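Chemist: So that we are looking at the same thing, I have put the structure below in structure tokens.
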Amino acid sequence: MEKLNGVTISEKDLKWYRKLGEGRDAIVYSAPHKKAYKIYKNPTNKDYVGVLKMIQDNNYNIKLSHLPQGAIYSKDGAFIGSLLERVYGKQIHYVFPSLSREKQIILLKRVVAAVKELTKNYIYPCDIANTPLLPGKRSNILVDRKLNPQLIDIDGSGAEYRSEYNKYDQYDVDRALSILFADLVFDMPFEEDPERYEVDWLREKLINNGFDRDVADKISIYEADYEVIDEAIKQYSLIPKIK
């Protein structure tokens, strides 16, 4: 197997670094020089190496997000993780309710811009709707002090990397953005697989709060594309108070 750019560390090395978090697929540690080590629980998954190889080969011009920067190998040469740029911030679901409406709109537009940039390069961040409002979960979007969204989990465990446009992956991104918008605006979690009555309830809630029917229809069935999301953000900016 081709060895990718990156670093080599030992299990002993990890004991010196602070554990930043743990998810279903990996444990993330702080690392020197403003980096982070993402150590996979199942590093034999070919998606992880495949993504890092695509990043290395394509040299993506991504400015609004931090892609993985290389591979991590054990002392015996086995692939074990991804080298990341350390990102700082608080989970978007906790930050959003405390912001003024003006700042909320700025943040929403920046999230959409970051996602658009990725999908334009055929990188599909499908887990952006992950919410800490459900047990055992955390946001996959952090917000820094300058109100910039920092997307995390955009490696092989949380994003799809393609060589061309993929309508099914784009559908998953649209779905995630729809859920994220509803989560943030109403400050409550919405299930990924809602029952029919839950879809109808969200649609009526959107309409009763001043969103037009076309926007409400698309968001409630989690099919809001970029155009609909942009319109939803515009309408949200004109609604005095959400109830």
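Lettering and numbering for the structure tokens are positional, with chains as A, B, ... in the shown order, residues counted from 1 in each chain, and ligands counted from 1 in the shown order.
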Taking 5 positions as the minimum chain separation for residues in the same chain, which residues sit within 6 Å of Ile92 (chain A) when counting only C-alpha atoms? Answer as a list in words.
Modeler: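 The residues satisfying every condition are Ile141, Leu142 and Val143 of chain A.
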Chemist: Please, which residues of region 21-234 of chain A, numbered as in this document, come out strand (DSSP E or B) from DSSP, as a ChimeraX atom specification?
Modeler: /A:21-22,26-31,35-40,70-73,79-85,90-91,123-125,141-143,149-151,159-161
Chemist: Could you save the residues just selected, with N, CA and C atoms, as an mmCIF file, in the first residue's frame?
Modeler:
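Dumped everything to out.cif:
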```
data_model
loop_
_atom_site.group_PDB
_atom_site.id
_atom_site.type_symbol
_atom_site.label_atom_id
_atom_site.label_comp_id
_atom_site.auth_asym_id
_atom_site.auth_seq_id
_atom_site.Cartn_x
_atom_site.Cartn_y
_atom_site.Cartn_z
ATOM 1 N N GLY A 21 -11.773 14.470 22.398
ATOM 2 C CA GLY A 21 -13.121 13.952 22.224
ATOM 3 C C GLY A 21 -13.107 12.548 21.657
ATOM 4 N N GLU A 22 -14.246 11.881 21.779
ATOM 5 C CA GLU A 22 -14.371 10.526 21.263
ATOM 6 C C GLU A 22 -15.729 10.358 20.612
ATOM 7 N N ALA A 26 -13.763 7.219 16.146
ATOM 8 C CA ALA A 26 -12.380 7.613 16.430
ATOM 9 C C ALA A 26 -12.267 8.354 17.748
ATOM 10 N N ILE A 27 -11.009 8.483 18.200
ATOM 11 C CA ILE A 27 -10.661 9.312 19.353
ATOM 12 C C ILE A 27 -9.723 10.405 18.841
ATOM 13 N N VAL A 28 -9.965 11.653 19.274
ATOM 14 C CA VAL A 28 -9.152 12.782 18.815
ATOM 15 C C VAL A 28 -8.320 13.309 19.974
ATOM 16 N N TYR A 29 -7.017 13.511 19.704
ATOM 17 C CA TYR A 29 -6.079 14.005 20.713
ATOM 18 C C TYR A 29 -5.480 15.328 20.252
ATOM 19 N N SER A 30 -5.124 16.159 21.203
ATOM 20 C CA SER A 30 -4.361 17.362 20.875
ATOM 21 C C SER A 30 -2.977 16.930 20.417
ATOM 22 N N ALA A 31 -2.325 17.768 19.620
ATOM 23 C CA ALA A 31 -1.001 17.433 19.095
ATOM 24 C C ALA A 31 -0.180 18.706 18.977
ATOM 25 N N LYS A 35 -2.012 21.069 15.864
ATOM 26 C CA LYS A 35 -2.578 19.951 15.130
ATOM 27 C C LYS A 35 -3.396 19.079 16.063
ATOM 28 N N ALA A 36 -4.067 18.099 15.481
ATOM 29 C CA ALA A 36 -4.809 17.100 16.259
ATOM 30 C C ALA A 36 -4.609 15.739 15.608
ATOM 31 N N TYR A 37 -4.591 14.704 16.428
ATOM 32 C CA TYR A 37 -4.464 13.340 15.947
ATOM 33 C C TYR A 37 -5.836 12.668 16.044
ATOM 34 N N LYS A 38 -6.341 12.219 14.925
ATOM 35 C CA LYS A 38 -7.602 11.465 14.937
ATOM 36 C C LYS A 38 -7.254 9.995 14.741
ATOM 37 N N ILE A 39 -7.419 9.200 15.797
ATOM 38 C CA ILE A 39 -7.038 7.793 15.778
ATOM 39 C C ILE A 39 -8.296 6.948 15.603
ATOM 40 N N TYR A 40 -8.354 6.218 14.499
ATOM 41 C CA TYR A 40 -9.548 5.447 14.172
ATOM 42 C C TYR A 40 -9.635 4.157 14.977
ATOM 43 N N GLY A 70 -2.965 14.853 6.449
ATOM 44 C CA GLY A 70 -2.084 13.727 6.191
ATOM 45 C C GLY A 70 -2.484 12.513 6.993
ATOM 46 N N ALA A 71 -1.694 11.468 6.833
ATOM 47 C CA ALA A 71 -1.968 10.209 7.514
ATOM 48 C C ALA A 71 -1.149 10.098 8.796
ATOM 49 N N ILE A 72 -1.607 9.239 9.690
ATOM 50 C CA ILE A 72 -0.844 8.902 10.898
ATOM 51 C C ILE A 72 -0.545 7.413 10.846
ATOM 52 N N TYR A 73 0.744 7.088 11.056
ATOM 53 C CA TYR A 73 1.180 5.694 11.040
ATOM 54 C C TYR A 73 1.763 5.322 12.402
ATOM 55 N N PHE A 79 -1.250 2.047 9.152
ATOM 56 C CA PHE A 79 -2.079 3.246 9.142
ATOM 57 C C PHE A 79 -3.024 3.209 10.334
ATOM 58 N N ILE A 80 -3.080 4.319 11.107
ATOM 59 C CA ILE A 80 -3.939 4.328 12.293
ATOM 60 C C ILE A 80 -4.838 5.557 12.396
ATOM 61 N N GLY A 81 -4.575 6.613 11.593
ATOM 62 C CA GLY A 81 -5.411 7.797 11.762
ATOM 63 C C GLY A 81 -5.107 8.915 10.790
ATOM 64 N N SER A 82 -5.730 10.073 11.052
ATOM 65 C CA SER A 82 -5.581 11.258 10.204
ATOM 66 C C SER A 82 -4.998 12.418 11.006
ATOM 67 N N LEU A 83 -4.114 13.155 10.374
ATOM 68 C CA LEU A 83 -3.544 14.355 10.962
ATOM 69 C C LEU A 83 -4.429 15.537 10.600
ATOM 70 N N LEU A 84 -4.921 16.226 11.608
ATOM 71 C CA LEU A 84 -5.860 17.325 11.397
ATOM 72 C C LEU A 84 -5.278 18.645 11.871
ATOM 73 N N GLU A 85 -5.812 19.720 11.325
ATOM 74 C CA GLU A 85 -5.532 21.029 11.893
ATOM 75 C C GLU A 85 -6.443 21.190 13.095
ATOM 76 N N LYS A 90 -16.971 26.645 19.902
ATOM 77 C CA LYS A 90 -18.035 26.017 20.683
ATOM 78 C C LYS A 90 -19.072 25.437 19.734
ATOM 79 N N GLN A 91 -19.779 24.432 20.199
ATOM 80 C CA GLN A 91 -20.746 23.753 19.351
ATOM 81 C C GLN A 91 -21.847 24.724 18.909
ATOM 82 N N ILE A 123 -16.988 17.162 -2.482
ATOM 83 C CA ILE A 123 -16.815 16.686 -1.111
ATOM 84 C C ILE A 123 -18.157 16.907 -0.417
ATOM 85 N N TYR A 124 -18.741 15.846 0.104
ATOM 86 C CA TYR A 124 -20.098 15.913 0.624
ATOM 87 C C TYR A 124 -20.121 15.665 2.139
ATOM 88 N N PRO A 125 -20.223 16.738 2.946
ATOM 89 C CA PRO A 125 -20.255 16.584 4.408
ATOM 90 C C PRO A 125 -21.660 16.189 4.877
ATOM 91 N N ILE A 141 -20.297 21.017 13.845
ATOM 92 C CA ILE A 141 -19.917 22.372 13.444
ATOM 93 C C ILE A 141 -19.590 23.150 14.714
ATOM 94 N N LEU A 142 -18.367 23.670 14.774
ATOM 95 C CA LEU A 142 -17.967 24.542 15.872
ATOM 96 C C LEU A 142 -17.995 25.979 15.375
ATOM 97 N N VAL A 143 -18.127 26.917 16.296
ATOM 98 C CA VAL A 143 -18.138 28.344 15.941
ATOM 99 C C VAL A 143 -17.023 29.028 16.709
ATOM 100 N N PRO A 149 -17.901 29.395 11.131
ATOM 101 C CA PRO A 149 -18.182 27.982 11.390
ATOM 102 C C PRO A 149 -16.987 27.113 11.017
ATOM 103 N N GLN A 150 -16.688 26.149 11.861
ATOM 104 C CA GLN A 150 -15.593 25.216 11.607
ATOM 105 C C GLN A 150 -16.191 23.815 11.499
ATOM 106 N N LEU A 151 -16.258 23.299 10.288
ATOM 107 C CA LEU A 151 -16.813 21.964 10.081
ATOM 108 C C LEU A 151 -15.791 20.907 10.490
ATOM 109 N N ALA A 159 -17.677 12.310 5.742
ATOM 110 C CA ALA A 159 -17.892 12.961 4.458
ATOM 111 C C ALA A 159 -17.570 12.001 3.325
ATOM 112 N N GLU A 160 -18.222 12.219 2.201
ATOM 113 C CA GLU A 160 -17.951 11.421 1.005
ATOM 114 C C GLU A 160 -17.131 12.264 0.024
ATOM 115 N N TYR A 161 -16.065 11.701 -0.478
ATOM 116 C CA TYR A 161 -15.216 12.367 -1.468
ATOM 117 C C TYR A 161 -15.408 11.665 -2.806
#
```
Chemist: Just checking: using only C-alpha atoms, which residue out of A:Asn5, A:Asn208, A:Ser178, A:Ser98 ends up closest to Ile229 (chain A)?
Modeler: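 That would be A:Ser178, the residue with the smallest distance to Ile229 (chain A).
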Chemist: Could you please determine the separation between CA of Asn61 (chain A) and CA of Lys120 (chain A) in Å, to one decimal place?
Modeler: 10.7 Å
Chemist: Between CA of Asp25 (chain A) and CA of Lys41 (chain A), what is the distance in Å, rounded to a tenth?
Modeler: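 Computing it gives 5.7 Å between the two atoms.
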